[in-house]
Structure formats: C-alpha cells, structure tokens
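For reference, model31.txt is printed below; it contains compact mmCIF, C-alpha atoms.
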# COMPACT_ATOMS: atom_id res chain seq x y z
CA MET A 22 0.00 0.00 0.00
CA ASN A 23 1.65 3.20 -1.07
CA LEU A 24 1.40 6.63 0.50
CA ILE A 25 -1.39 7.96 -1.68
CA ASP A 26 -3.50 4.88 -1.03
CA LYS A 27 -2.93 5.39 2.69
CA ALA A 28 -3.97 9.00 2.46
CA LEU A 29 -7.22 8.10 0.75
CA GLY A 30 -8.05 5.50 3.38
CA ILE A 31 -11.01 3.21 3.05
CA HIS A 32 -13.12 5.53 0.96
CA PRO A 33 -12.28 4.27 -2.55
CA GLN A 34 -13.46 0.77 -1.60
CA ALA A 35 -16.45 2.19 0.23
CA LEU A 36 -17.43 4.20 -2.85
CA SER A 37 -17.24 1.16 -5.08
CA LEU A 38 -19.31 -0.94 -2.69
CA ARG A 39 -21.86 1.85 -2.26
CA SER A 40 -22.36 2.11 -6.01
CA GLN A 41 -22.84 -1.66 -6.29
CA ARG A 42 -25.31 -1.59 -3.44
CA SER A 43 -27.28 1.19 -5.12
CA ALA A 44 -27.62 -1.02 -8.21
CA VAL A 45 -28.96 -3.88 -6.06
CA LEU A 46 -31.47 -1.58 -4.36
CA ALA A 47 -32.48 -0.06 -7.69
CA SER A 48 -33.30 -3.48 -9.04
CA ASN A 49 -35.38 -4.18 -5.93
CA ILE A 50 -37.36 -0.99 -6.54
CA ALA A 51 -37.69 -1.80 -10.25
CA ASN A 52 -39.15 -5.21 -9.43
CA SER A 53 -41.66 -3.95 -6.87
CA SER A 54 -44.56 -5.45 -8.84
CA THR A 55 -42.88 -8.52 -10.32
CA PRO A 56 -44.57 -11.70 -9.10
CA GLY A 57 -42.23 -14.01 -7.20
CA TYR A 58 -39.36 -11.52 -6.93
CA LEU A 59 -37.35 -11.71 -3.70
CA ALA A 60 -35.70 -8.49 -2.56
CA ARG A 61 -31.93 -8.71 -2.14
CA ASP A 62 -29.23 -6.81 -0.33
CA TYR A 63 -25.89 -7.46 1.27
CA ASP A 64 -24.27 -6.75 4.58
CA PHE A 65 -22.22 -3.63 3.94
CA ARG A 66 -19.97 -4.00 6.98
CA THR A 67 -18.87 -7.51 6.06
CA ALA A 68 -18.38 -6.59 2.42
CA LEU A 69 -16.29 -3.54 3.28
CA SER A 70 -14.09 -5.38 5.75
CA GLN A 71 -13.52 -8.10 3.15
CA ALA A 72 -12.70 -5.57 0.46
CA SER A 73 -10.33 -3.56 2.66
CA ASN A 74 -8.46 -6.54 4.09
CA GLY A 75 -8.09 -8.10 0.70
CA SER A 76 -9.12 -11.35 2.33
CA THR A 77 -11.07 -12.64 -0.59
CA ILE A 78 -10.92 -16.31 -1.30
CA ARG A 79 -9.67 -16.88 -4.79
CA LEU A 80 -9.38 -19.96 -6.88
CA GLU A 81 -5.79 -21.01 -7.14
CA ALA A 82 -4.53 -21.49 -10.68
CA THR A 83 -2.21 -24.49 -10.50
CA ARG A 84 -1.81 -24.93 -14.22
CA SER A 85 -1.26 -22.45 -16.98
CA SER A 86 -4.48 -23.51 -18.68
CA HIS A 87 -6.61 -22.59 -15.66
CA LEU A 88 -8.74 -19.50 -15.91
CA GLN A 89 -7.89 -16.69 -13.54
CA SER A 90 -10.71 -15.60 -11.30
CA ASP A 91 -11.38 -11.93 -11.84
CA ASN A 92 -13.15 -11.15 -8.58
CA SER A 93 -10.63 -8.50 -7.71
CA GLU A 94 -13.25 -6.23 -6.18
CA GLY A 95 -14.04 -8.68 -3.45
CA ASP A 96 -16.34 -11.60 -3.22
CA PHE A 97 -19.38 -11.02 -1.13
CA GLN A 98 -22.65 -12.72 -0.62
CA LEU A 99 -25.84 -11.25 -1.96
CA MET A 100 -28.52 -12.22 0.52
CA TYR A 101 -32.31 -12.11 0.58
CA ARG A 102 -34.05 -9.46 2.59
CA LEU A 103 -36.29 -10.66 5.41
CA PRO A 104 -39.72 -9.09 4.88
CA THR A 105 -41.20 -7.27 7.86
CA ARG A 106 -44.66 -8.54 7.06
CA ALA A 107 -45.92 -11.79 5.65
CA ALA A 108 -45.44 -11.70 1.91
CA SER A 109 -47.42 -13.86 -0.44
CA HIS A 110 -45.67 -13.39 -3.73
CA ASN A 111 -43.11 -10.61 -3.63
CA THR A 112 -40.88 -9.49 -0.76
CA VAL A 113 -40.17 -5.95 -2.02
CA GLU A 114 -41.38 -3.31 0.41
CA SER A 115 -41.14 -0.10 -1.56
CA GLU A 116 -40.77 2.18 1.45
CA VAL A 117 -37.99 0.09 2.98
CA GLU A 118 -36.12 -0.06 -0.32
CA GLN A 119 -36.51 3.66 -0.97
CA ALA A 120 -35.25 4.48 2.52
CA ALA A 121 -32.28 2.16 2.06
CA PHE A 122 -31.55 3.71 -1.33
CA ALA A 123 -31.65 7.25 0.08
CA GLU A 124 -29.39 6.28 2.99
CA ASN A 125 -26.98 4.59 0.61
CA ALA A 126 -26.86 7.68 -1.61
CA LEU A 127 -26.16 9.88 1.42
CA ARG A 128 -23.31 7.68 2.57
CA TYR A 129 -21.94 7.61 -0.96
CA GLN A 130 -21.84 11.39 -0.89
CA ALA A 131 -20.15 11.32 2.51
CA SER A 132 -17.39 9.04 1.21
CA LEU A 133 -17.10 11.23 -1.86
CA MET A 134 -16.69 14.29 0.35
CA PHE A 135 -13.89 12.64 2.37
CA LEU A 136 -12.18 11.59 -0.85
CA SER A 137 -12.38 15.01 -2.38
CA ARG A 138 -10.92 16.59 0.81
CA SER A 139 -8.08 14.06 0.72
CA VAL A 140 -7.41 14.84 -2.92
CA SER A 141 -7.26 18.58 -2.34
CA GLY A 142 -5.04 17.99 0.72
CA LEU A 143 -2.66 15.91 -1.37
CA ARG A 144 -2.67 18.53 -4.06
CA GLN A 145 -1.72 21.22 -1.55
CA VAL A 146 1.15 19.08 -0.29
CA ILE A 147 2.41 18.43 -3.82
CA ARG A 148 2.31 22.09 -4.73
CA GLY A 149 3.91 23.06 -1.45
CA GLU A 150 1.35 25.75 -0.79
CA MET B 8 -22.66 -3.81 -11.41
CA ASN B 9 -22.36 -0.16 -10.56
CA LEU B 10 -24.12 3.16 -10.74
CA ASN B 11 -24.28 3.05 -14.52
CA SER B 12 -26.28 -0.16 -14.48
CA VAL B 13 -28.86 1.65 -12.34
CA PHE B 14 -29.98 3.46 -15.49
CA ARG B 15 -30.48 0.19 -17.34
CA VAL B 16 -32.46 -1.28 -14.45
CA THR B 17 -34.70 1.71 -13.78
CA GLY B 18 -35.14 2.32 -17.51
CA SER B 19 -36.56 -1.16 -17.95
CA ALA B 20 -38.84 -0.59 -14.96
CA LEU B 21 -40.12 2.71 -16.40
CA ASN B 22 -40.88 0.93 -19.65
CA ALA B 23 -42.73 -1.88 -17.85
CA GLN B 24 -44.78 0.57 -15.80
CA SER B 25 -45.72 2.55 -18.90
CA VAL B 26 -46.91 -0.66 -20.57
CA GLN B 27 -49.02 -1.23 -17.45
CA MET B 28 -50.45 2.31 -17.80
CA GLU B 29 -51.23 1.67 -21.46
CA MET B 30 -53.15 -1.50 -20.59
CA ILE B 31 -55.07 0.31 -17.86
CA SER B 32 -56.08 3.12 -20.21
CA SER B 33 -57.18 0.58 -22.80
CA ASN B 34 -59.25 -1.23 -20.16
CA LEU B 35 -60.88 2.01 -19.01
CA ALA B 36 -61.59 3.11 -22.56
CA ASN B 37 -63.31 -0.20 -23.31
CA ALA B 38 -65.20 -0.47 -20.03
CA ARG B 39 -68.59 0.36 -21.55
CA ILE B 40 -68.19 -1.49 -24.84
CA VAL B 41 -70.83 -4.11 -25.61
CA ALA B 42 -70.44 -7.10 -27.92
CA GLY B 43 -72.70 -9.55 -29.71
CA SER B 44 -71.35 -12.72 -28.11
CA GLU B 45 -69.60 -13.78 -24.94
CA ALA B 46 -66.41 -14.63 -26.82
CA ALA B 47 -66.27 -11.23 -28.50
CA ALA B 48 -66.81 -9.26 -25.29
CA TYR B 49 -63.87 -7.12 -24.14
CA LYS B 50 -61.87 -8.72 -21.35
CA ALA B 51 -59.66 -6.69 -19.03
CA VAL B 52 -55.98 -7.25 -19.78
CA ARG B 53 -53.01 -6.83 -17.47
CA PRO B 54 -49.26 -7.25 -18.00
CA VAL B 55 -47.39 -9.84 -15.93
CA PHE B 56 -43.85 -8.73 -15.07
CA ALA B 57 -40.76 -10.87 -14.78
CA SER B 58 -37.28 -9.86 -13.75
CA ILE B 59 -34.46 -9.94 -16.28
CA LEU B 60 -31.73 -12.43 -15.52
CA ASP B 61 -28.55 -10.54 -16.23
CA SER B 62 -25.24 -12.35 -16.31
CA ASN B 63 -23.35 -9.04 -16.62
CA MET B 64 -24.61 -7.97 -13.25
CA ASN B 65 -23.06 -10.99 -11.60
CA SER B 66 -19.48 -9.75 -11.58
CA GLY B 67 -18.21 -9.09 -8.10
CA PHE B 68 -21.01 -11.01 -6.50
CA ASN B 69 -20.75 -14.54 -5.34
CA SER B 70 -24.44 -15.26 -5.53
CA ASN B 71 -25.09 -18.72 -4.24
CA SER B 72 -28.51 -18.91 -5.86
CA GLY B 73 -27.81 -18.68 -9.54
CA GLN B 74 -27.80 -15.42 -11.42
CA SER B 75 -28.35 -11.96 -10.10
CA ARG B 76 -31.48 -10.26 -11.17
CA GLY B 77 -31.53 -6.90 -12.79
CA GLY B 78 -34.29 -5.03 -14.54
CA VAL B 79 -37.85 -5.95 -15.24
CA ARG B 80 -39.66 -6.88 -18.44
CA VAL B 81 -43.22 -7.59 -19.48
CA ASP B 82 -43.42 -11.36 -19.55
CA ARG B 83 -46.93 -11.89 -20.89
CA PHE B 84 -50.44 -10.48 -20.85
CA ALA B 85 -53.10 -11.97 -18.62
CA TYR B 86 -56.79 -11.65 -19.46
CA SER B 87 -59.29 -11.25 -16.68
CA GLU B 88 -61.32 -14.35 -15.84
CA ALA B 89 -64.15 -12.34 -14.33
CA PRO B 90 -67.62 -13.40 -15.56
CA ILE B 91 -69.06 -11.56 -18.57
CA GLU B 92 -72.35 -9.95 -17.75
CA LYS B 93 -75.15 -10.09 -20.33
CA GLN B 94 -77.94 -7.60 -20.62
CA ARG B 95 -81.18 -7.80 -22.52
CA MET B 96 -81.17 -4.91 -24.98
CA PRO B 97 -83.09 -5.94 -28.11
CA GLU B 98 -82.99 -2.45 -29.62
CA ASN B 99 -79.16 -2.51 -29.71
CA PRO B 100 -77.84 -3.38 -33.20
CA MET B 101 -75.13 -5.54 -31.56
CA ALA B 102 -77.71 -7.76 -29.83
CA ASP B 103 -77.76 -11.49 -30.62
CA ALA B 104 -80.82 -13.50 -31.77
CA GLU B 105 -82.31 -13.51 -28.25
CA GLY B 106 -81.76 -9.78 -27.80
CA TYR B 107 -78.78 -9.95 -25.43
CA VAL B 108 -75.62 -7.85 -25.49
CA TYR B 109 -72.46 -8.81 -23.58
CA LEU B 110 -70.67 -6.23 -21.41
CA SER B 111 -66.93 -6.09 -20.82
CA ASN B 112 -65.63 -7.49 -17.52
CA VAL B 113 -63.54 -4.40 -16.70
CA ASN B 114 -63.83 -3.36 -13.06
CA VAL B 115 -63.34 0.41 -13.15
CA VAL B 116 -62.53 0.74 -9.43
CA GLU B 117 -59.91 -1.97 -9.68
CA GLU B 118 -58.36 -0.26 -12.71
CA MET B 119 -58.10 3.02 -10.81
CA ALA B 120 -56.30 1.27 -7.96
CA TYR B 121 -53.86 -0.35 -10.40
CA MET B 122 -53.31 3.04 -12.01
CA MET B 123 -52.28 4.55 -8.68
CA GLN B 124 -49.90 1.66 -8.05
CA ALA B 125 -48.33 2.04 -11.49
CA SER B 126 -47.85 5.78 -11.13
CA ARG B 127 -46.29 5.38 -7.65
CA ALA B 128 -43.87 2.78 -8.98
CA TYR B 129 -43.00 5.04 -11.92
CA GLN B 130 -42.27 7.94 -9.56
CA ALA B 131 -40.09 5.79 -7.32
CA ASN B 132 -37.99 4.72 -10.30
CA ILE B 133 -37.65 8.30 -11.55
CA GLU B 134 -36.43 9.26 -8.08
CA VAL B 135 -33.81 6.49 -8.15
CA MET B 136 -32.65 7.67 -11.56
CA ASN B 137 -32.36 11.32 -10.46
CA THR B 138 -30.39 10.43 -7.34
CA SER B 139 -27.98 8.24 -9.31
CA ARG B 140 -27.50 10.97 -11.87
CA GLN B 141 -26.54 13.43 -9.14
CA LEU B 142 -24.12 10.93 -7.59
CA ILE B 143 -22.42 10.31 -10.92
CA ALA B 144 -22.22 14.04 -11.63
CA SER B 145 -20.55 14.74 -8.29
CA THR B 146 -18.19 11.78 -8.76
CA LEU B 147 -17.10 13.24 -12.10
CA ASN B 148 -16.21 16.43 -10.27
CA LEU B 149 -13.96 14.64 -7.82
CA GLY B 150 -10.62 16.42 -7.58
CA ASN B 151 -11.90 19.70 -9.00
CA ARG B 152 -11.81 22.46 -6.52

Step by step, read the file and then write its structure as structure tokens.
Amino acid sequence: MNLIDKALGIHPQALSLRSQRSAVLASNIANSSTPGYLARDYDFRTALSQASNGSTIRLEATRSSHLQSDNSEGDFQLMYRLPTRAASHNTVESEVEQAAFAENALRYQASLMFLSRSVSGLRQVIRGE
Amino acid sequence: MNLNSVFRVTGSALNAQSVQMEMISSNLANARIVAGSEAAAYKAVRPVFASILDSNMNSGFNSNSGQSRGGVRVDRFAYSEAPIEKQRMPENPMADAEGYVYLSNVNVVEEMAYMMQASRAYQANIEVMNTSRQLIASTLNLGNR
C-alpha cells in the first residue's frame, strides 16, 4: 500500500461498494410489482471489511491452462431481505427499499466528500502551498 | 454492477410501468363497450412482469442462488377471468338473436387502484434515476476544486 493509497483510506473501496449496493437496491425498486421476486441486499460492513483486508478467497490457478478468477473487487454474498410482514408473492417493500436507497446515496456522498478533501489535501502538499 | 447499471435497471422498470399504464387506459376506454357474443366481449388485460436475468450484473457477486437479477420486463399479458355480464337490450344493433348484449368485464374501481400503483412505482424509479444521476455528476467532479 503506497502513500497515496494510505492518504485516501477506506473511501475508494467504500465508494465502489456503495455504487454496487445502489444497483442492487435499484433493481429491488424496479421489481416492486414482479410476481415471485425476492428483494436482495448485502451486509455492507462484512463486504467492506472483506474488500479492505483483501481477504477474498480466490481460486488457485495451478496450471497455466486454468482460468484466472477476476473477482478483484471482493467476493461477497448477496442475501435475501427478510420481509417485515408476511409476503405472499413478492418481498419488495417499496418504502424500505426507498429508505435504504436514500441512505446509501447519502453515505456515498459522505465518502465522496472525504475523498475530495483528501485529494485537495494531497494537491496542496504536492504544490507546497 | 455499478451506478451506470442503475440506469439500465430503472429504464426497464419505467418501460414496464408505462406498458401497465397503457393496458389500464385501454381497459378504461373499453369499459362500456358491448359485444354480440360472450367470446367477442372485451376482457380486461393486465401485463405480468418478470425480472431480467442478467449475467453481466453478476461480476463481483458470489451469488449462491444462480444469477443476479436486474431489470424488469413484461413477460406476458393476462386476461381477466371475471364473468361476462349479459344484458337484454333488443334495440341494440349488436344484440344477438335472443336480444342480449355482452358487457366487458372491466372493473373500473380496480383499474383506478392499479393506475395509482403504477404511477407510484413510476415515480419511485424516476427518483432512483435522479439520485444516481446526481451521484455520478458529483463523482465526475472529484478532484476539481
């Protein structure tokens, strides 16, 4: 990990995970009236700690003909959301998904803010201002 | 699977909801149409949605249950099974030999409820799209002072 990576901290990974989560939540909202659709999400804390530790389990390529696994962004489990009320055919609860999406967007912006401060800090250091 | 795929997902949902709206308006427009036989009577139609299985959206995810699901598409159209009401109206030119005409089985109240649901879903997807657009715009500005 070089100096610039250290200066940026965990936020690049967080940003990437946040954007992936927003896609998952968007597809939940999109499928709010699809029969049989089960809402999905993942545990952000686990995913982030996996992504930042680099502790992803990869397939080992023991021969040159083996394909390389390309899960460089981290391998995390997409899980099903537990509905808060009994669901007959579709577990999307629009309000829950919209709230989660809004929260996710806010946290994305927070990470973005930290990143942009770090970048301008680095720039000041480089220029020697 | 990232912010850019949000546009694909919500775009497909907007399309599906507008198909739903189209069906509802057709049902409402034909609610008072009469026909000369039970088979020819107008039957309420409704789209059945299915989610799009998207292998591109799988990257980065170790989904233990097959493929990830992305957008939504209109799978098929379902016709209402509600009974067709017949009315004796011998003066109507559409009436059959016994003087009966057959009404459509559209339930106007039900259609209005479906219309509200479709418009709410449409709004929710528009909101998702707007938020994502703002996030992408501010990400593009990263590093600018």

Could you list, with a cut-off of 8 Å and counting all atoms listed in the file, the residues of chain A near chain B, each shown with its nearest atom pair and the distance in Å rounded to one decimal, rows sorted by chain and ascending number, as a tab-separated table?
residue	atom	partner	partner_atom	distance
A:Ser37	CA	B:Asn9	CA	7.6
A:Ser40	CA	B:Asn9	CA	5.1
A:Gln41	CA	B:Asn9	CA	4.6
A:Arg42	CA	B:Asn9	CA	7.8
A:Ser43	CA	B:Leu10	CA	6.7
A:Ala44	CA	B:Val13	CA	5.1
A:Val45	CA	B:Gly77	CA	7.8
A:Ala47	CA	B:Val13	CA	6.1
A:Ser48	CA	B:Gly77	CA	5.4
A:Ile50	CA	B:Asn132	CA	6.9
A:Ala51	CA	B:Ala20	CA	5.0
A:Asn52	CA	B:Val79	CA	6.0
A:Ser53	CA	B:Ala128	CA	7.4
A:Ser54	CA	B:Phe56	CA	7.1
A:Thr55	CA	B:Phe56	CA	4.9
A:Pro56	CA	B:Phe56	CA	6.7
A:Tyr58	CA	B:Ser58	CA	7.3
A:Asn92	CA	B:Gly67	CA	5.5
A:Ser93	CA	B:Gly67	CA	7.6
A:Glu94	CA	B:Gly67	CA	6.0
A:Gly95	CA	B:Gly67	CA	6.3
A:Asp96	CA	B:Asn69	CA	5.7
A:Phe97	CA	B:Phe68	CA	5.6
A:Gln98	CA	B:Asn69	CA	5.4
A:Leu99	CA	B:Ser70	CA	5.5
A:Met100	CA	B:Ser70	CA	7.9
A:Gln119	CA	B:Ala131	CA	7.6
A:Phe122	CA	B:Val135	CA	7.7
A:Ala126	CA	B:Thr138	CA	7.3
A:Tyr129	CA	B:Leu142	CA	7.7
A:Gln130	CA	B:Leu142	CA	7.1
A:Leu133	CA	B:Thr146	CA	7.0
A:Leu136	CA	B:Leu149	CA	7.8
A:Ser137	CA	B:Gly150	CA	5.7
A:Val140	CA	B:Gly150	CA	5.9
A:Ser141	CA	B:Gly150	CA	6.6

For this session: Using atom CA of Asn137 of chain B and atom CA of Glu114 of chain A as the two end points, give the distance in Å to one decimal.
Result: 20.3 Å

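The shortest atom-to-atom distance to Val52 of chain B, with only C-alpha atoms taken into account, belongs to B:Val113 out of B:Tyr107, B:Arg39, B:Glu98, B:Val113.
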
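Here atom CA of Tyr86 of chain B stands at a distance of 12.5 Å from atom CA of Ala46 of chain B.
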
Exercise. Which residues come within 8 Å of Gly106 of chain B, counting all atoms listed in the file, excluding same-chain residues fewer than 3 positions away, as a PyMOL selection string?
Worked result: chain B and resi 95-99+102-103

For this session: Considering only C-alpha atoms, state which residue in the set B:Met101, B:Ala51, B:Met30, B:Ile40 is at the smallest distance from Asn114 of chain B.
Result: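 The closest residue to Asn114 of chain B is B:Ala51.
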